[in-house]
Each structure stands twice: as structure tokens, then as C-alpha cells.
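Next comes input-v4.tsv, a file with TSV, N, CA, C and O atoms.
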```tsv
chain	number	residue	atom	x	y	z
A	1206	ASP	N	5.84	11.26	12.23
A	1206	ASP	CA	5.13	12.29	12.94
A	1206	ASP	C	3.76	12.50	12.32
A	1206	ASP	O	3.48	12.01	11.23
A	1207	ALA	N	2.89	13.22	13.00
A	1207	ALA	CA	1.50	13.38	12.57
A	1207	ALA	C	1.40	14.12	11.24
A	1207	ALA	O	0.57	13.76	10.39
A	1208	GLU	N	2.23	15.12	11.04
A	1208	GLU	CA	2.17	15.88	9.78
A	1208	GLU	C	2.54	14.99	8.59
A	1208	GLU	O	1.90	15.02	7.54
A	1209	ARG	N	3.57	14.19	8.76
A	1209	ARG	CA	3.99	13.27	7.68
A	1209	ARG	C	2.89	12.25	7.41
A	1209	ARG	O	2.59	11.94	6.26
A	1210	ALA	N	2.28	11.73	8.45
A	1210	ALA	CA	1.21	10.74	8.29
A	1210	ALA	C	0.04	11.34	7.52
A	1210	ALA	O	-0.54	10.68	6.64
A	1211	GLU	N	-0.33	12.57	7.82
A	1211	GLU	CA	-1.43	13.23	7.12
A	1211	GLU	C	-1.08	13.44	5.65
A	1211	GLU	O	-1.93	13.25	4.77
A	1212	HIS	N	0.15	13.82	5.39
A	1212	HIS	CA	0.59	14.03	4.01
A	1212	HIS	C	0.55	12.72	3.23
A	1212	HIS	O	0.06	12.67	2.09
A	1213	VAL	N	1.04	11.64	3.81
A	1213	VAL	CA	1.01	10.32	3.18
A	1213	VAL	C	-0.44	9.89	2.93
A	1213	VAL	O	-0.79	9.42	1.84
A	1214	ALA	N	-1.29	10.09	3.91
A	1214	ALA	CA	-2.70	9.71	3.78
A	1214	ALA	C	-3.39	10.50	2.67
A	1214	ALA	O	-4.23	9.96	1.94
A	1215	ALA	N	-3.01	11.74	2.50
A	1215	ALA	CA	-3.61	12.57	1.46
A	1215	ALA	C	-3.15	12.14	0.07
A	1215	ALA	O	-3.92	12.23	-0.90
A	1216	LEU	N	-1.91	11.67	-0.06
A	1216	LEU	CA	-1.38	11.30	-1.36
A	1216	LEU	C	-1.70	9.86	-1.77
A	1216	LEU	O	-1.68	9.52	-2.96
A	1217	ALA	N	-1.97	8.99	-0.83
A	1217	ALA	CA	-2.17	7.56	-1.11
A	1217	ALA	C	-3.29	7.29	-2.12
A	1217	ALA	O	-3.10	6.46	-3.03
A	1218	PRO	N	-4.45	7.93	-2.03
A	1218	PRO	CA	-5.49	7.65	-3.02
A	1218	PRO	C	-5.06	7.99	-4.45
A	1218	PRO	O	-5.41	7.28	-5.39
A	1219	ALA	N	-4.29	9.07	-4.60
A	1219	ALA	CA	-3.82	9.43	-5.94
A	1219	ALA	C	-2.87	8.36	-6.48
A	1219	ALA	O	-2.92	8.01	-7.67
A	1220	LEU	N	-2.01	7.82	-5.64
A	1220	LEU	CA	-1.11	6.75	-6.04
A	1220	LEU	C	-1.91	5.52	-6.45
A	1220	LEU	O	-1.63	4.89	-7.48
A	1221	THR	N	-2.91	5.19	-5.67
A	1221	THR	CA	-3.74	4.02	-5.97
A	1221	THR	C	-4.48	4.20	-7.29
A	1221	THR	O	-4.55	3.27	-8.10
A	1222	ARG	N	-5.03	5.40	-7.52
A	1222	ARG	CA	-5.72	5.67	-8.79
A	1222	ARG	C	-4.77	5.58	-9.98
A	1222	ARG	O	-5.09	5.01	-11.02
A	1223	ALA	N	-3.57	6.17	-9.83
A	1223	ALA	CA	-2.59	6.13	-10.92
A	1223	ALA	C	-2.17	4.70	-11.22
A	1223	ALA	O	-2.03	4.31	-12.39
A	1224	ALA	N	-1.98	3.90	-10.19
A	1224	ALA	CA	-1.61	2.49	-10.40
A	1224	ALA	C	-2.73	1.73	-11.08
A	1224	ALA	O	-2.48	0.88	-11.94
A	1225	ALA	N	-3.98	2.04	-10.74
A	1225	ALA	CA	-5.12	1.40	-11.39
A	1225	ALA	C	-5.17	1.77	-12.87
A	1225	ALA	O	-5.41	0.91	-13.73
A	1226	GLN	N	-4.92	3.03	-13.18
A	1226	GLN	CA	-4.91	3.47	-14.58
A	1226	GLN	C	-3.79	2.78	-15.34
A	1226	GLN	O	-3.97	2.36	-16.48
A	1227	LEU	N	-2.62	2.67	-14.73
A	1227	LEU	CA	-1.49	2.00	-15.36
A	1227	LEU	C	-1.81	0.53	-15.62
A	1227	LEU	O	-1.56	-0.01	-16.71
A	1228	GLY	N	-2.38	-0.12	-14.62
A	1228	GLY	CA	-2.76	-1.52	-14.78
A	1228	GLY	C	-3.78	-1.73	-15.89
A	1228	GLY	O	-3.68	-2.66	-16.68
A	1229	GLU	N	-4.77	-0.85	-15.94
A	1229	GLU	CA	-5.80	-0.93	-16.99
A	1229	GLU	C	-5.17	-0.72	-18.36
A	1229	GLU	O	-5.45	-1.45	-19.31
A	1230	ALA	N	-4.29	0.29	-18.49
A	1230	ALA	CA	-3.65	0.58	-19.76
A	1230	ALA	C	-2.78	-0.58	-20.23
A	1230	ALA	O	-2.67	-0.85	-21.43
A	1231	ALA	N	-2.19	-1.29	-19.29
A	1231	ALA	CA	-1.33	-2.44	-19.62
A	1231	ALA	C	-2.13	-3.72	-19.81
A	1231	ALA	O	-1.56	-4.76	-20.14
A	1232	GLY	N	-3.44	-3.66	-19.58
A	1232	GLY	CA	-4.28	-4.84	-19.73
A	1232	GLY	C	-4.24	-5.78	-18.56
A	1232	GLY	O	-4.61	-6.95	-18.68
A	1233	HIS	N	-3.78	-5.31	-17.41
A	1233	HIS	CA	-3.68	-6.17	-16.23
A	1233	HIS	C	-4.78	-5.91	-15.20
A	1233	HIS	O	-4.85	-6.61	-14.20
A	1234	GLY	N	-5.57	-4.89	-15.40
A	1234	GLY	CA	-6.60	-4.55	-14.43
A	1234	GLY	C	-6.02	-3.79	-13.26
A	1234	GLY	O	-4.82	-3.51	-13.20
A	1235	ALA	N	-6.88	-3.46	-12.33
A	1235	ALA	CA	-6.45	-2.70	-11.15
A	1235	ALA	C	-5.59	-3.57	-10.24
A	1235	ALA	O	-5.88	-4.75	-10.05
A	1236	PRO	N	-4.53	-3.01	-9.68
A	1236	PRO	CA	-3.67	-3.79	-8.78
A	1236	PRO	C	-4.35	-4.08	-7.46
A	1236	PRO	O	-5.18	-3.31	-7.00
A	1237	GLN	N	-3.98	-5.20	-6.85
A	1237	GLN	CA	-4.48	-5.53	-5.52
A	1237	GLN	C	-3.73	-4.78	-4.45
A	1237	GLN	O	-4.23	-4.58	-3.35
A	1238	ALA	N	-2.50	-4.37	-4.75
A	1238	ALA	CA	-1.67	-3.62	-3.82
A	1238	ALA	C	-0.66	-2.83	-4.62
A	1238	ALA	O	-0.28	-3.23	-5.72
A	1239	VAL	N	-0.23	-1.71	-4.06
A	1239	VAL	CA	0.83	-0.91	-4.65
A	1239	VAL	C	1.95	-0.86	-3.63
A	1239	VAL	O	1.73	-0.51	-2.47
A	1240	VAL	N	3.14	-1.24	-4.05
A	1240	VAL	CA	4.29	-1.28	-3.15
A	1240	VAL	C	5.34	-0.30	-3.66
A	1240	VAL	O	5.75	-0.36	-4.81
A	1241	VAL	N	5.75	0.62	-2.78
A	1241	VAL	CA	6.78	1.60	-3.11
A	1241	VAL	C	7.96	1.33	-2.18
A	1241	VAL	O	7.85	1.48	-0.96
A	1242	GLU	N	9.08	0.93	-2.78
A	1242	GLU	CA	10.26	0.59	-1.99
A	1242	GLU	C	11.20	1.78	-1.92
A	1242	GLU	O	11.50	2.40	-2.93
A	1243	GLY	N	11.67	2.08	-0.73
A	1243	GLY	CA	12.64	3.14	-0.53
A	1243	GLY	C	13.72	2.65	0.43
A	1243	GLY	O	13.63	1.55	0.98
A	1244	ALA	N	14.73	3.48	0.63
A	1244	ALA	CA	15.84	3.08	1.49
A	1244	ALA	C	15.42	2.73	2.92
A	1244	ALA	O	15.89	1.74	3.46
A	1245	PRO	N	14.50	3.50	3.54
A	1245	PRO	CA	14.17	3.17	4.93
A	1245	PRO	C	13.14	2.06	5.09
A	1245	PRO	O	12.91	1.57	6.18
A	1246	GLY	N	12.51	1.64	4.00
A	1246	GLY	CA	11.49	0.62	4.12
A	1246	GLY	C	10.56	0.65	2.93
A	1246	GLY	O	10.93	1.09	1.84
A	1247	VAL	N	9.32	0.23	3.15
A	1247	VAL	CA	8.36	0.08	2.06
A	1247	VAL	C	7.02	0.68	2.47
A	1247	VAL	O	6.60	0.56	3.62
A	1248	LEU	N	6.37	1.30	1.50
A	1248	LEU	CA	5.02	1.83	1.68
A	1248	LEU	C	4.09	0.94	0.85
A	1248	LEU	O	4.39	0.67	-0.32
A	1249	VAL	N	3.01	0.48	1.45
A	1249	VAL	CA	2.06	-0.39	0.76
A	1249	VAL	C	0.69	0.27	0.83
A	1249	VAL	O	0.26	0.70	1.90
A	1250	THR	N	0.03	0.38	-0.34
A	1250	THR	CA	-1.35	0.85	-0.34
A	1250	THR	C	-2.23	-0.27	-0.88
A	1250	THR	O	-1.85	-0.98	-1.81
A	1251	LEU	N	-3.39	-0.44	-0.25
A	1251	LEU	CA	-4.36	-1.43	-0.68
A	1251	LEU	C	-5.72	-0.75	-0.75
A	1251	LEU	O	-6.18	-0.22	0.27
A	1252	PRO	N	-6.35	-0.75	-1.90
A	1252	PRO	CA	-7.70	-0.22	-1.95
A	1252	PRO	C	-8.66	-1.17	-1.22
A	1252	PRO	O	-8.66	-2.37	-1.49
A	1253	LEU	N	-9.41	-0.63	-0.27
A	1253	LEU	CA	-10.36	-1.46	0.48
A	1253	LEU	C	-11.76	-1.33	-0.09
A	1253	LEU	O	-12.47	-2.32	-0.24
A	1254	THR	N	-12.17	-0.11	-0.36
A	1254	THR	CA	-13.45	0.18	-0.99
A	1254	THR	C	-13.19	1.27	-2.03
A	1254	THR	O	-12.05	1.71	-2.20
A	1255	ALA	N	-14.24	1.72	-2.71
A	1255	ALA	CA	-14.07	2.79	-3.70
A	1255	ALA	C	-13.56	4.07	-3.05
A	1255	ALA	O	-12.92	4.89	-3.70
A	1256	ASP	N	-13.84	4.25	-1.76
A	1256	ASP	CA	-13.49	5.49	-1.07
A	1256	ASP	C	-12.40	5.35	-0.02
A	1256	ASP	O	-11.98	6.34	0.56
A	1257	VAL	N	-11.97	4.13	0.28
A	1257	VAL	CA	-11.03	3.91	1.39
A	1257	VAL	C	-9.80	3.15	0.89
A	1257	VAL	O	-9.91	2.11	0.25
A	1258	THR	N	-8.63	3.71	1.20
A	1258	THR	CA	-7.36	3.09	0.87
A	1258	THR	C	-6.57	2.87	2.15
A	1258	THR	O	-6.40	3.80	2.94
A	1259	LEU	N	-6.10	1.66	2.37
A	1259	LEU	CA	-5.26	1.35	3.51
A	1259	LEU	C	-3.82	1.67	3.15
A	1259	LEU	O	-3.35	1.30	2.07
A	1260	VAL	N	-3.12	2.35	4.04
A	1260	VAL	CA	-1.71	2.66	3.85
A	1260	VAL	C	-0.93	2.03	4.99
A	1260	VAL	O	-1.25	2.25	6.16
A	1261	ALA	N	0.08	1.23	4.65
A	1261	ALA	CA	0.93	0.62	5.65
A	1261	ALA	C	2.38	0.98	5.34
A	1261	ALA	O	2.80	0.91	4.20
A	1262	VAL	N	3.09	1.38	6.37
A	1262	VAL	CA	4.51	1.69	6.23
A	1262	VAL	C	5.28	0.60	6.93
A	1262	VAL	O	5.10	0.38	8.13
A	1263	VAL	N	6.13	-0.11	6.19
A	1263	VAL	CA	6.94	-1.17	6.73
A	1263	VAL	C	8.36	-0.64	6.80
A	1263	VAL	O	9.02	-0.50	5.78
A	1264	GLU	N	8.80	-0.29	7.98
A	1264	GLU	CA	10.12	0.31	8.14
A	1264	GLU	C	11.16	-0.76	8.41
A	1264	GLU	O	10.85	-1.82	8.92
A	1265	GLY	N	12.38	-0.43	8.06
A	1265	GLY	CA	13.49	-1.35	8.28
A	1265	GLY	C	13.84	-2.07	7.00
A	1265	GLY	O	13.17	-3.00	6.59
A	1266	ALA	N	14.85	-1.59	6.33
A	1266	ALA	CA	15.28	-2.21	5.07
A	1266	ALA	C	16.38	-3.21	5.36
A	1266	ALA	O	17.04	-3.15	6.38
A	1267	GLY	N	16.58	-4.09	4.44
A	1267	GLY	CA	17.66	-5.05	4.54
A	1267	GLY	C	18.98	-4.40	4.17
A	1267	GLY	O	19.07	-3.20	3.98
A	1268	GLU	N	20.00	-5.20	4.06
A	1268	GLU	CA	21.33	-4.69	3.72
A	1268	GLU	C	21.30	-4.07	2.33
A	1268	GLU	O	20.61	-4.54	1.44
A	1269	GLY	N	22.06	-2.99	2.16
A	1269	GLY	CA	22.14	-2.33	0.87
A	1269	GLY	C	20.90	-1.57	0.49
A	1269	GLY	O	20.71	-1.20	-0.65
A	1270	GLY	N	20.02	-1.33	1.46
A	1270	GLY	CA	18.81	-0.58	1.18
A	1270	GLY	C	17.69	-1.40	0.56
A	1270	GLY	O	16.66	-0.86	0.21
A	1271	GLU	N	17.89	-2.70	0.40
A	1271	GLU	CA	16.86	-3.54	-0.18
A	1271	GLU	C	15.91	-4.00	0.92
A	1271	GLU	O	16.31	-4.30	2.03
A	1272	ALA	N	14.64	-4.05	0.58
A	1272	ALA	CA	13.65	-4.47	1.55
A	1272	ALA	C	13.88	-5.93	1.93
A	1272	ALA	O	14.22	-6.75	1.08
A	1273	GLY	N	13.72	-6.25	3.18
A	1273	GLY	CA	13.92	-7.60	3.65
A	1273	GLY	C	12.76	-8.51	3.30
A	1273	GLY	O	11.73	-8.08	2.78
A	1274	ALA	N	12.92	-9.78	3.58
A	1274	ALA	CA	11.88	-10.77	3.28
A	1274	ALA	C	10.60	-10.48	4.04
A	1274	ALA	O	9.52	-10.87	3.61
A	1275	GLY	N	10.70	-9.79	5.16
A	1275	GLY	CA	9.53	-9.46	5.95
A	1275	GLY	C	8.53	-8.60	5.21
A	1275	GLY	O	7.34	-8.59	5.54
A	1276	VAL	N	8.97	-7.88	4.20
A	1276	VAL	CA	8.07	-7.04	3.42
A	1276	VAL	C	7.06	-7.90	2.67
A	1276	VAL	O	5.87	-7.62	2.66
A	1277	GLY	N	7.54	-8.95	2.03
A	1277	GLY	CA	6.63	-9.85	1.32
A	1277	GLY	C	5.61	-10.47	2.26
A	1277	GLY	O	4.43	-10.58	1.93
A	1278	GLU	N	6.07	-10.85	3.43
A	1278	GLU	CA	5.16	-11.41	4.43
A	1278	GLU	C	4.13	-10.38	4.87
A	1278	GLU	O	2.97	-10.70	5.07
A	1279	ALA	N	4.58	-9.12	5.04
A	1279	ALA	CA	3.66	-8.06	5.46
A	1279	ALA	C	2.60	-7.80	4.39
A	1279	ALA	O	1.41	-7.67	4.70
A	1280	VAL	N	3.01	-7.74	3.13
A	1280	VAL	CA	2.06	-7.53	2.05
A	1280	VAL	C	1.07	-8.68	1.98
A	1280	VAL	O	-0.14	-8.47	1.85
A	1281	TYR	N	1.57	-9.90	2.12
A	1281	TYR	CA	0.69	-11.07	2.10
A	1281	TYR	C	-0.33	-11.00	3.24
A	1281	TYR	O	-1.54	-11.23	3.03
A	1282	ALA	N	0.13	-10.66	4.44
A	1282	ALA	CA	-0.78	-10.57	5.59
A	1282	ALA	C	-1.82	-9.47	5.39
A	1282	ALA	O	-3.00	-9.65	5.72
A	1283	LEU	N	-1.40	-8.34	4.85
A	1283	LEU	CA	-2.33	-7.24	4.60
A	1283	LEU	C	-3.39	-7.65	3.57
A	1283	LEU	O	-4.58	-7.37	3.75
A	1284	ARG	N	-2.95	-8.31	2.52
A	1284	ARG	CA	-3.91	-8.74	1.49
A	1284	ARG	C	-4.89	-9.76	2.06
A	1284	ARG	O	-6.08	-9.73	1.74
A	1285	ARG	N	-4.41	-10.67	2.90
A	1285	ARG	CA	-5.31	-11.67	3.50
A	1285	ARG	C	-6.33	-11.02	4.44
A	1285	ARG	O	-7.45	-11.49	4.55
A	1286	ALA	N	-5.92	-9.95	5.11
A	1286	ALA	CA	-6.81	-9.28	6.08
A	1286	ALA	C	-7.64	-8.17	5.44
A	1286	ALA	O	-8.38	-7.49	6.13
A	1287	ARG	N	-7.52	-7.99	4.13
A	1287	ARG	CA	-8.21	-6.90	3.45
A	1287	ARG	C	-9.72	-6.87	3.77
A	1287	ARG	O	-10.29	-5.84	4.03
A	1288	GLY	N	-10.36	-8.02	3.75
A	1288	GLY	CA	-11.79	-8.09	4.02
A	1288	GLY	C	-12.14	-7.60	5.41
A	1288	GLY	O	-13.13	-6.90	5.61
A	1289	GLN	N	-11.32	-7.94	6.39
A	1289	GLN	CA	-11.54	-7.47	7.75
A	1289	GLN	C	-11.39	-5.96	7.85
A	1289	GLN	O	-12.16	-5.28	8.51
A	1290	PHE	N	-10.35	-5.43	7.16
A	1290	PHE	CA	-10.16	-3.99	7.16
A	1290	PHE	C	-11.33	-3.28	6.48
A	1290	PHE	O	-11.82	-2.28	6.96
A	1291	ALA	N	-11.76	-3.84	5.35
A	1291	ALA	CA	-12.86	-3.22	4.58
A	1291	ALA	C	-14.15	-3.20	5.39
A	1291	ALA	O	-14.90	-2.23	5.34
A	1292	ALA	N	-14.38	-4.25	6.18
A	1292	ALA	CA	-15.59	-4.30	7.00
A	1292	ALA	C	-15.61	-3.22	8.07
A	1292	ALA	O	-16.68	-2.78	8.50
A	1293	GLN	N	-14.43	-2.79	8.49
A	1293	GLN	CA	-14.33	-1.75	9.52
A	1293	GLN	C	-14.27	-0.35	8.94
A	1293	GLN	O	-14.33	0.62	9.67
A	1294	ALA	N	-14.12	-0.25	7.61
A	1294	ALA	CA	-13.98	1.06	6.96
A	1294	ALA	C	-15.30	1.80	6.92
A	1294	ALA	O	-16.33	1.29	6.91
```

Translate the structure described by the file into C-alpha cells.
Amino acid sequence: DAERAEHVAALAPALTRAAAQLGEAAGHGAPQAVVVEGAPGVLVTLPLTADVTLVAVVEGAGEGGEAGAGVGEAVYALRRARGQFAAQA
């Protein structure tokens, strides 16, 4: 619903910043994507620019609550299209 989408959109930049700080502290640099797996599916955030974060919700988990193989494909497709998304941001 719209309220949930707004709440997710408001929290996504904080998640992306925290993941970047974690990556820097671990010596890995900023992540290219942040993936949060839950029972109903997966949430993926990708920083596009310094001010814009893409949020994608991939619904539909596999058996036992584990994300299906389609999640990896979705993340790969999002990462490949990042430049196109950033150009429209």
C-alpha cells in the first residue's frame, strides 16, 4: 500500500548509509547493493547517485521462506540497469 511504500522509501537511504559505513569499516568499501531477505521476499537497495537510492521489493519466497533463484537474477538485472536508472534520477 502507499503508506508502506512511503515508509520503506524513507528508511532506505539510512539502510544504504549504514551498509556503506559497515563496508568501509570492514575494508570492503561501499556495497553495490544491499539485500534484506525476509519470509515474504527480498528488499534490494541500490545507490544510484549521492542523493538517490533505488528500492526494489522482490516478493515471493521459495520453500521454507528462503528466497528463490529469481532473487539473484533480479539483483543482477538491477545492477546491470543501474546506469539507466541513474540517468533518469

Subject >> Distance of CA of Val1260 (chain A) from atom C of Ala1217 (chain A), expressed in Å to one decimal place >> reply: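 So the answer is 7.7 Å.
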
Original post:
Rounded to one decimal in Å, what is the spacing between atom O of Val1241 (chain A) and atom O of Phe1290 (chain A)?
Top reply: 21.5 Å

**OP:** From the DSSP assignment of the backbone, select every residue of chain A that is strand (DSSP E), and format the answer as an MDAnalysis selection string.
**Re:** chainID A and resid 1239:1243 1246:1252 1258:1264

Subject >> Residue nearest Gly1265 (chain A) - candidates A:Ala1235, A:Ala1244, A:Leu1253, A:Ala1282, atoms counted: only C-alpha atoms >> reply: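 Closest to Gly1265 (chain A), using only C-alpha atoms: A:Ala1244.
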
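Here atom C of Val1213 (chain A) is placed at a distance of 17.7 Å from atom O of Ala1279 (chain A).
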
**OP:** For Val1249 (chain A), list every protein, DNA or RNA residue within 10 Å, evaluated using only C-alpha atoms, and leave out those in the same chain fewer than 4 positions away; present the list as a PyMOL selection string.
**Re:** chain A and resi 1217+1221+1238-1242+1259-1263+1276+1279-1280+1283

Fix up region 1230-1241 of chain A with all heavy atoms, then write it as a short mmCIF file (atom, residue, chain, number, x, y, z; two decimals), keeping the file's coordinate frame.
```
data_model
loop_
_atom_site.label_atom_id
_atom_site.label_comp_id
_atom_site.auth_asym_id
_atom_site.auth_seq_id
_atom_site.Cartn_x
_atom_site.Cartn_y
_atom_site.Cartn_z
N ALA A 1230 -4.29 0.29 -18.49
CA ALA A 1230 -3.65 0.58 -19.76
C ALA A 1230 -2.78 -0.58 -20.23
O ALA A 1230 -2.67 -0.85 -21.43
CB ALA A 1230 -2.81 1.85 -19.65
N ALA A 1231 -2.19 -1.29 -19.29
CA ALA A 1231 -1.33 -2.44 -19.62
C ALA A 1231 -2.13 -3.72 -19.81
O ALA A 1231 -1.56 -4.76 -20.14
CB ALA A 1231 -0.28 -2.63 -18.53
N GLY A 1232 -3.44 -3.66 -19.58
CA GLY A 1232 -4.28 -4.84 -19.73
C GLY A 1232 -4.24 -5.78 -18.56
O GLY A 1232 -4.61 -6.95 -18.68
N HIS A 1233 -3.78 -5.31 -17.41
CA HIS A 1233 -3.68 -6.17 -16.23
C HIS A 1233 -4.78 -5.91 -15.20
O HIS A 1233 -4.85 -6.61 -14.20
CB HIS A 1233 -2.32 -5.95 -15.53
CG HIS A 1233 -1.18 -6.47 -16.33
ND1 HIS A 1233 -0.76 -7.77 -16.29
CD2 HIS A 1233 -0.37 -5.85 -17.22
CE1 HIS A 1233 0.25 -7.95 -17.11
NE2 HIS A 1233 0.51 -6.80 -17.69
N GLY A 1234 -5.57 -4.89 -15.40
CA GLY A 1234 -6.60 -4.55 -14.43
C GLY A 1234 -6.02 -3.79 -13.26
O GLY A 1234 -4.82 -3.51 -13.20
N ALA A 1235 -6.88 -3.46 -12.33
CA ALA A 1235 -6.45 -2.70 -11.15
C ALA A 1235 -5.59 -3.57 -10.24
O ALA A 1235 -5.88 -4.75 -10.05
CB ALA A 1235 -7.66 -2.18 -10.39
N PRO A 1236 -4.53 -3.01 -9.68
CA PRO A 1236 -3.67 -3.79 -8.78
C PRO A 1236 -4.35 -4.08 -7.46
O PRO A 1236 -5.18 -3.31 -7.00
CB PRO A 1236 -2.44 -2.90 -8.59
CG PRO A 1236 -2.94 -1.52 -8.82
CD PRO A 1236 -4.04 -1.64 -9.84
N GLN A 1237 -3.98 -5.20 -6.85
CA GLN A 1237 -4.48 -5.53 -5.52
C GLN A 1237 -3.73 -4.78 -4.45
O GLN A 1237 -4.23 -4.58 -3.35
CB GLN A 1237 -4.38 -7.03 -5.28
CG GLN A 1237 -5.25 -7.83 -6.20
CD GLN A 1237 -5.16 -9.32 -5.90
OE1 GLN A 1237 -4.62 -9.74 -4.90
NE2 GLN A 1237 -5.71 -10.12 -6.79
N ALA A 1238 -2.50 -4.37 -4.75
CA ALA A 1238 -1.67 -3.62 -3.82
C ALA A 1238 -0.66 -2.83 -4.62
O ALA A 1238 -0.28 -3.23 -5.72
CB ALA A 1238 -0.95 -4.55 -2.84
N VAL A 1239 -0.23 -1.71 -4.06
CA VAL A 1239 0.83 -0.91 -4.65
C VAL A 1239 1.95 -0.86 -3.63
O VAL A 1239 1.73 -0.51 -2.47
CB VAL A 1239 0.35 0.52 -4.99
CG1 VAL A 1239 1.49 1.34 -5.57
CG2 VAL A 1239 -0.83 0.48 -5.95
N VAL A 1240 3.14 -1.24 -4.05
CA VAL A 1240 4.29 -1.28 -3.15
C VAL A 1240 5.34 -0.30 -3.66
O VAL A 1240 5.75 -0.36 -4.81
CB VAL A 1240 4.89 -2.70 -3.09
CG1 VAL A 1240 6.11 -2.74 -2.17
CG2 VAL A 1240 3.84 -3.71 -2.64
N VAL A 1241 5.75 0.62 -2.78
CA VAL A 1241 6.78 1.60 -3.11
C VAL A 1241 7.96 1.33 -2.18
O VAL A 1241 7.85 1.48 -0.96
CB VAL A 1241 6.27 3.04 -2.93
CG1 VAL A 1241 7.37 4.04 -3.25
CG2 VAL A 1241 5.04 3.28 -3.80
#
```
